[in-house]
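Following: one structure in structure tokens, then a few remarks.
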Amino acid sequence: MRPDGPAMAAPVESLRKRRCGDVGSGSPPAPAREPAGYPTCLRVGTFWLTRIVLLRALAFVYFVAFLVAFHQNKQLIGDQGLLPSRLYLKSVQQYFKGRIAWDALSSAPTILWFLDWSHMDTNLDLLALAGLGISSFVLIAGCANMALMAALWVLYMSLVNVGQVWYAFGWESQLLETGFLGIFLCPLWTLSRLPRYTPTSWVVVWGFRWLIFRIMLGAGLIKIRGDQCWWDLTCMDYHYETQPVPNPAAYYLHRSPWWVHRTETLGNHVIELLVPFFLLLGRRMCILHGILQVIFQVILIISGNLSFLNWLTIVPSLACFDDAALGFLFSSRPGGLRDRVLQLQEREAQGAWPVRTHGYAVRQVVHLALVTLIGYLSIPVILNLLSSQQVMNVSFNPLRIVNTYGAFGSITKERTEVILQGTASPNASASDVVWEDYEFRCKPGDPRRRPCLISPYHYRLDWLMWFAAFQTYEQHEWIIHLAGKLMANDAQALSLLFHNPFTGRAPPRWVRAELYRYKFSLPGGRHAAEGEWWVRRRIGPYFPPLSLQGLRGYFEAREWPHPEPT
């Protein structure tokens, strides 16, 4: 029997009203405090709550990034740092014939150009502390304005553009691009979690979606264009052991059955090459994309110490969720954020939206300009994605607004580590000389030391030591600078390390670097029973024994202060 009559239609309509996700559906009678017909479930297609979640997630990553900067910048790029930023700015200035003009500013955009270079440690600390303060406010308050978000972006860009190799990681540009989009999430001056006159723009939402699309597709394409093991599905046989800074979970995941590793590699291809196109297939598939990407990033967080990269990659994925999808994160109490968004949605549905003001027209122009800018800057990025000579983690503009991304295009099959050693012996070539190892904060060293767990924090020196092991010390001059500082027991340099074997003693007379091959010990095996997480074997010297006096000319040629033993 067909439900044509009123008696049959009423129950069907009643059932429809109980479905919270239906756009434009009615609702059952509300509590007395609400007028009849007041909705109890959030409508789809608005992003008031999404903005709050996005801002807090972005502020968290900014906070971690500035915390790392505050803890490590002085040692790495400060007045007495391994690669002083003052010398870097001076070299840029000299390249442009000694003038601090537009060419120099556009080559290395940073507000440090306008500060006193004789107190660079103070300058770097002030930038980091300002970033910590602003990001803390946004994280706690859940709101921001364009001025605050622009300040965060300028502060971090100022550090990245003088950070040299210490800030050459892909996630630095990714944070700047994400942070740039974050500026346009907010009203110009108003500080409110629900700024009534400034709904979240679809332009910004799709800006974040375009970002996560490029991040994932770029990572997938660089893999299948790179190492053959991504085609053979064998890359995960090596990744856990050879990744830059393994964590304890990686030790056990490395020993997973072969079929698990094949499944992991295949799943990686699906997530990076197929799932990004879900963004174009409507709301439900877009939400599914967001869920899969968040789960994927959480798995990566659990299985390795990849700095704040995976935490940052979650941020644009959040733009896949509208208010209806994220409503469960907020309290439904009367007067709460969720309840207030319901009221905003109801007013909009009833046509009671505020009269469009001059500010509305200005925002429309700004959003149009944003679309034009991102579109124009995306041209070389798209061409790079389509190219068989694809490059990853490259910026085509000094402001790093739209960039290329990628990760692990090639997988190292064996792990090598540079181990720094010192000796107090006056003769480094004596047969009875005793060499003692320095231990870094997180990178493998002592085989008995458990792999660390630090994500989202980032030890920049440890990561650069991983890269240095692939090349020679001539390509990483800072490691010679580090060796000189160790021979002087330099407090700043030693603060970057976990263990100084010469604590409470005279500094070493000689420092050398040895190259070792590392492999995970077998759980339950002989080495593991003896408390060893790693099994290592010496390959040979990385650089020969060096003395502080012998490095004087090397330091002077590079204008590095010659450290004095303490």
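Here's how to read the names in the structure tokens: chain A, B, ... by the order shown, residue numbers from 1 in each chain, ligand numbers from 1 in the order shown.
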
Requested in this report: Please identify all polymer residues within 10 Å of Arg450 of chain A, counting only C-alpha atoms, omitting same-chain residues fewer than 3 positions from it, and present them as a count of residues only.
Outcome: 14

Requested in this report: Write out as a list in words the residues lying within 8 Å of segment 57-69 of chain A, counting only C-alpha atoms and excluding same-chain residues fewer than 5 positions away.
Outcome: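 Non-adjacent residues within range: Ala128, Leu129, Gly131, Leu132, Ser135, Ser136, Val138, Leu139, Leu152, Tyr156, Leu175, Thr178, Gly179, Gly182, Phe308, Trp311, Leu312, Val315, Pro456, Tyr457, His458 and Tyr459 of chain A.
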
Query raised in the report: Near Phe330 of chain A, counting only C-alpha atoms, which residues have an atom at most 12 Å away, once you skip same-chain residues fewer than 6 positions from it, shown as a ChimeraX atom specification?
Result: /A:42,48-50,52-53,323-324,336-341

Report task. Please give the complete set of residues from segment 90-173 of chain A that DSSP, run on the backbone, assigns to helix (DSSP H, G or I), formatted as a ChimeraX atom specification. Result -> /A:90-95,102-107,111-114,117-141,146-160,164-167,170-173

Query raised in the report: Given the choices A:Pro545, A:Gly422, A:Gly351, A:Gly142, which gets closest to Trp435 of chain A if the distance is worked out from only C-alpha atoms?
Result: A:Gly422

**Report entry** Selected residue, from A:Val160, A:Ile212, A:Ile454, A:Ala147, that lies nearest to Leu191 of chain A when counting only C-alpha atoms
**Finding:**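 Counting only C-alpha atoms, the residue closest to Leu191 of chain A is A:Ala147.
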
Sort by chain and increasing residue number a table of all residues of segment 339-432 of chain A within 9 Å of segment 486-509 of chain A, each with its closest pair of atoms and their distance in Å to one decimal, counting only C-alpha atoms, and write it as JSON lines.
{"residue": "A:Gly422", "atom": "CA", "partner": "A:Pro508", "partner_atom": "CA", "distance": 5.5}
{"residue": "A:Thr423", "atom": "CA", "partner": "A:Pro508", "partner_atom": "CA", "distance": 5.1}
{"residue": "A:Ala424", "atom": "CA", "partner": "A:Pro508", "partner_atom": "CA", "distance": 4.6}
{"residue": "A:Ser425", "atom": "CA", "partner": "A:Arg509", "partner_atom": "CA", "distance": 6.7}
{"residue": "A:Pro426", "atom": "CA", "partner": "A:Arg509", "partner_atom": "CA", "distance": 6.6}
{"residue": "A:Asn427", "atom": "CA", "partner": "A:Arg509", "partner_atom": "CA", "distance": 8.8}
{"residue": "A:Ala428", "atom": "CA", "partner": "A:Arg509", "partner_atom": "CA", "distance": 8.5}

Query - Contact residues around Thr234 of chain A with only C-alpha atoms at 9 Å, ignoring same-chain residues under 3 positions, as a list in words - result: Gln228, Cys229, Trp230, Trp231, Asp237, Tyr238, Trp258, His261, Arg262 and Thr265 of chain A

Those residues you just picked out, can you put them in a file as an mmCIF file, in the first residue's frame with N, CA and C atoms?
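Once everything was written out, this is out_4.cif:
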data_model
loop_
_atom_site.group_PDB
_atom_site.id
_atom_site.type_symbol
_atom_site.label_atom_id
_atom_site.label_comp_id
_atom_site.auth_asym_id
_atom_site.auth_seq_id
_atom_site.Cartn_x
_atom_site.Cartn_y
_atom_site.Cartn_z
ATOM 1 N N GLN A 228 62.647 1.924 -5.512
ATOM 2 C CA GLN A 228 61.990 0.734 -6.045
ATOM 3 C C GLN A 228 61.249 -0.038 -4.964
ATOM 4 N N CYS A 229 61.694 0.096 -3.715
ATOM 5 C CA CYS A 229 61.050 -0.670 -2.638
ATOM 6 C C CYS A 229 59.600 -0.256 -2.426
ATOM 7 N N TRP A 230 59.231 0.958 -2.860
ATOM 8 C CA TRP A 230 57.822 1.346 -2.758
ATOM 9 C C TRP A 230 56.972 0.574 -3.764
ATOM 10 N N TRP A 231 57.565 0.188 -4.892
ATOM 11 C CA TRP A 231 56.860 -0.660 -5.850
ATOM 12 C C TRP A 231 56.863 -2.123 -5.387
ATOM 13 N N ASP A 237 60.040 -2.860 5.488
ATOM 14 C CA ASP A 237 60.993 -3.814 6.064
ATOM 15 C C ASP A 237 62.169 -3.072 6.696
ATOM 16 N N TYR A 238 62.426 -1.839 6.214
ATOM 17 C CA TYR A 238 63.597 -1.085 6.649
ATOM 18 C C TYR A 238 63.256 0.175 7.441
ATOM 19 N N TRP A 258 56.381 -10.322 7.640
ATOM 20 C CA TRP A 258 56.586 -9.697 6.337
ATOM 21 C C TRP A 258 55.286 -9.213 5.719
ATOM 22 N N HIS A 261 54.281 -5.803 6.917
ATOM 23 C CA HIS A 261 55.015 -4.729 6.249
ATOM 24 C C HIS A 261 54.495 -4.483 4.835
ATOM 25 N N ARG A 262 54.120 -5.560 4.131
ATOM 26 C CA ARG A 262 53.564 -5.375 2.783
ATOM 27 C C ARG A 262 52.236 -4.622 2.862
ATOM 28 N N THR A 265 52.829 -0.903 3.574
ATOM 29 C CA THR A 265 53.296 -0.158 2.397
ATOM 30 C C THR A 265 52.155 0.073 1.414
#

Report task. Using only C-alpha atoms, determine which residues lie at most 10 Å from Tyr252 of chain A, disregarding the query and same-chain residues fewer than 3 positions distant; provide the list as a PyMOL selection string. Result -> chain A and resi 240-241+247-249+255-256+303+520+522-523

Excluding Phe277 of chain A and residues on its chain fewer than 3 positions from it, collect all residues at most 9 Å away from it, counting only C-alpha atoms, and give them as an mmCIF file with C-alpha atoms, in the first residue's frame.
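Done, and the output landed in part00.cif:
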data_model
loop_
_atom_site.group_PDB
_atom_site.id
_atom_site.type_symbol
_atom_site.label_atom_id
_atom_site.label_comp_id
_atom_site.auth_asym_id
_atom_site.auth_seq_id
_atom_site.Cartn_x
_atom_site.Cartn_y
_atom_site.Cartn_z
ATOM 1 C CA PHE A 213 45.643 17.357 -0.903
ATOM 2 C CA LEU A 273 47.551 8.474 -3.715
ATOM 3 C CA LEU A 274 43.850 7.584 -3.633
ATOM 4 C CA LEU A 280 36.160 16.176 -4.355
ATOM 5 C CA LEU A 281 33.375 13.633 -3.814
ATOM 6 C CA CYS A 286 35.372 14.502 2.549
ATOM 7 C CA HIS A 289 39.107 11.592 4.035
#

Set the distance at 10 Å and use only C-alpha atoms: which residues neighbour Ala219 of chain A once local chain neighbours fewer than 6 positions away are removed? I'd like the list as an mmCIF file with N, CA and C atoms, in the first residue's frame.
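Printed below is part-v7.cif as written:
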data_model
loop_
_atom_site.group_PDB
_atom_site.id
_atom_site.type_symbol
_atom_site.label_atom_id
_atom_site.label_comp_id
_atom_site.auth_asym_id
_atom_site.auth_seq_id
_atom_site.Cartn_x
_atom_site.Cartn_y
_atom_site.Cartn_z
ATOM 1 N N PHE A 213 45.618 18.102 0.362
ATOM 2 C CA PHE A 213 45.643 17.357 -0.903
ATOM 3 C C PHE A 213 47.063 17.314 -1.465
ATOM 4 N N ASN A 268 49.879 2.692 2.785
ATOM 5 C CA ASN A 268 50.461 4.014 2.611
ATOM 6 C C ASN A 268 50.140 4.573 1.227
ATOM 7 N N HIS A 269 50.247 3.720 0.197
ATOM 8 C CA HIS A 269 49.930 4.168 -1.164
ATOM 9 C C HIS A 269 48.462 4.571 -1.287
ATOM 10 N N GLU A 272 47.893 7.981 0.490
ATOM 11 C CA GLU A 272 48.553 9.143 -0.111
ATOM 12 C C GLU A 272 48.186 9.372 -1.571
ATOM 13 N N LEU A 273 47.812 8.323 -2.282
ATOM 14 C CA LEU A 273 47.551 8.474 -3.715
ATOM 15 C C LEU A 273 46.071 8.427 -4.089
ATOM 16 N N LEU A 385 54.243 18.591 -9.343
ATOM 17 C CA LEU A 385 53.547 17.330 -9.068
ATOM 18 C C LEU A 385 53.423 16.477 -10.326
ATOM 19 N N MET A 392 60.824 17.564 -3.760
ATOM 20 C CA MET A 392 59.962 17.689 -2.579
ATOM 21 C C MET A 392 60.532 18.714 -1.602
ATOM 22 N N ASN A 393 59.619 19.281 -0.811
ATOM 23 C CA ASN A 393 59.980 20.217 0.251
ATOM 24 C C ASN A 393 60.775 21.405 -0.282
ATOM 25 N N THR A 404 56.023 22.801 -2.189
ATOM 26 C CA THR A 404 55.945 21.383 -2.533
ATOM 27 C C THR A 404 56.285 20.563 -1.295
ATOM 28 N N TYR A 405 55.704 19.366 -1.216
ATOM 29 C CA TYR A 405 55.923 18.516 -0.053
ATOM 30 C C TYR A 405 56.209 17.084 -0.482
ATOM 31 N N GLY A 406 56.707 16.328 0.453
ATOM 32 C CA GLY A 406 57.006 14.925 0.210
ATOM 33 C C GLY A 406 57.840 14.382 1.357
ATOM 34 N N ALA A 407 57.893 13.073 1.469
ATOM 35 C CA ALA A 407 58.662 12.452 2.551
ATOM 36 C C ALA A 407 59.071 11.047 2.149
ATOM 37 N N PHE A 408 60.312 10.704 2.487
ATOM 38 C CA PHE A 408 60.837 9.352 2.295
ATOM 39 C C PHE A 408 60.697 8.878 0.845
ATOM 40 N N GLY A 409 61.120 9.737 -0.081
ATOM 41 C CA GLY A 409 61.157 9.315 -1.473
ATOM 42 C C GLY A 409 62.110 8.155 -1.687
#

Report summary line: In terms of only C-alpha atoms, the residue from A:Arg538, A:Arg441, A:Arg460, A:His119 at minimal distance from Pro84 of chain A is A:His119

Query raised in the report: Restricting the calculation to only C-alpha atoms, which member of A:Ala104, A:Leu386, A:Ala141, A:Leu89 is positioned closest to Leu217 of chain A?
Result: A:Leu386

Report task. Can you work out which one of A:Leu546, A:Cys320, A:Glu559, A:Asn310 has the shortest atom-to-atom distance to Lys90 of chain A, counting only C-alpha atoms? Result -> A:Glu559

Requested in this report: Within segment 324-522 of chain A, find each residue whose DSSP state, derived from the backbone, is strand (DSSP E or B), and express the selection as JSON, numbers by chain.
Outcome: {"A": [395, 403, 415, 416, 417, 418, 419, 420, 421, 422, 423, 436, 437, 439, 440, 497, 498, 499, 510, 511, 512, 513, 514, 515, 516, 517, 518, 519, 520]}

Query raised in the report: In Å, how far is it from atom CA of Leu306 of chain A to atom CA of Phe169 of chain A?
Result: 10.7 Å

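For the pair atom CA of Tyr438 of chain A and atom CA of Ile539 of chain A, the separation is 17.9 Å.
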
Report task. Find the distance between atom CA of Trp153 of chain A and atom CA of Ile401 of chain A and write it in Å to one decimal. Result -> 10.5 Å
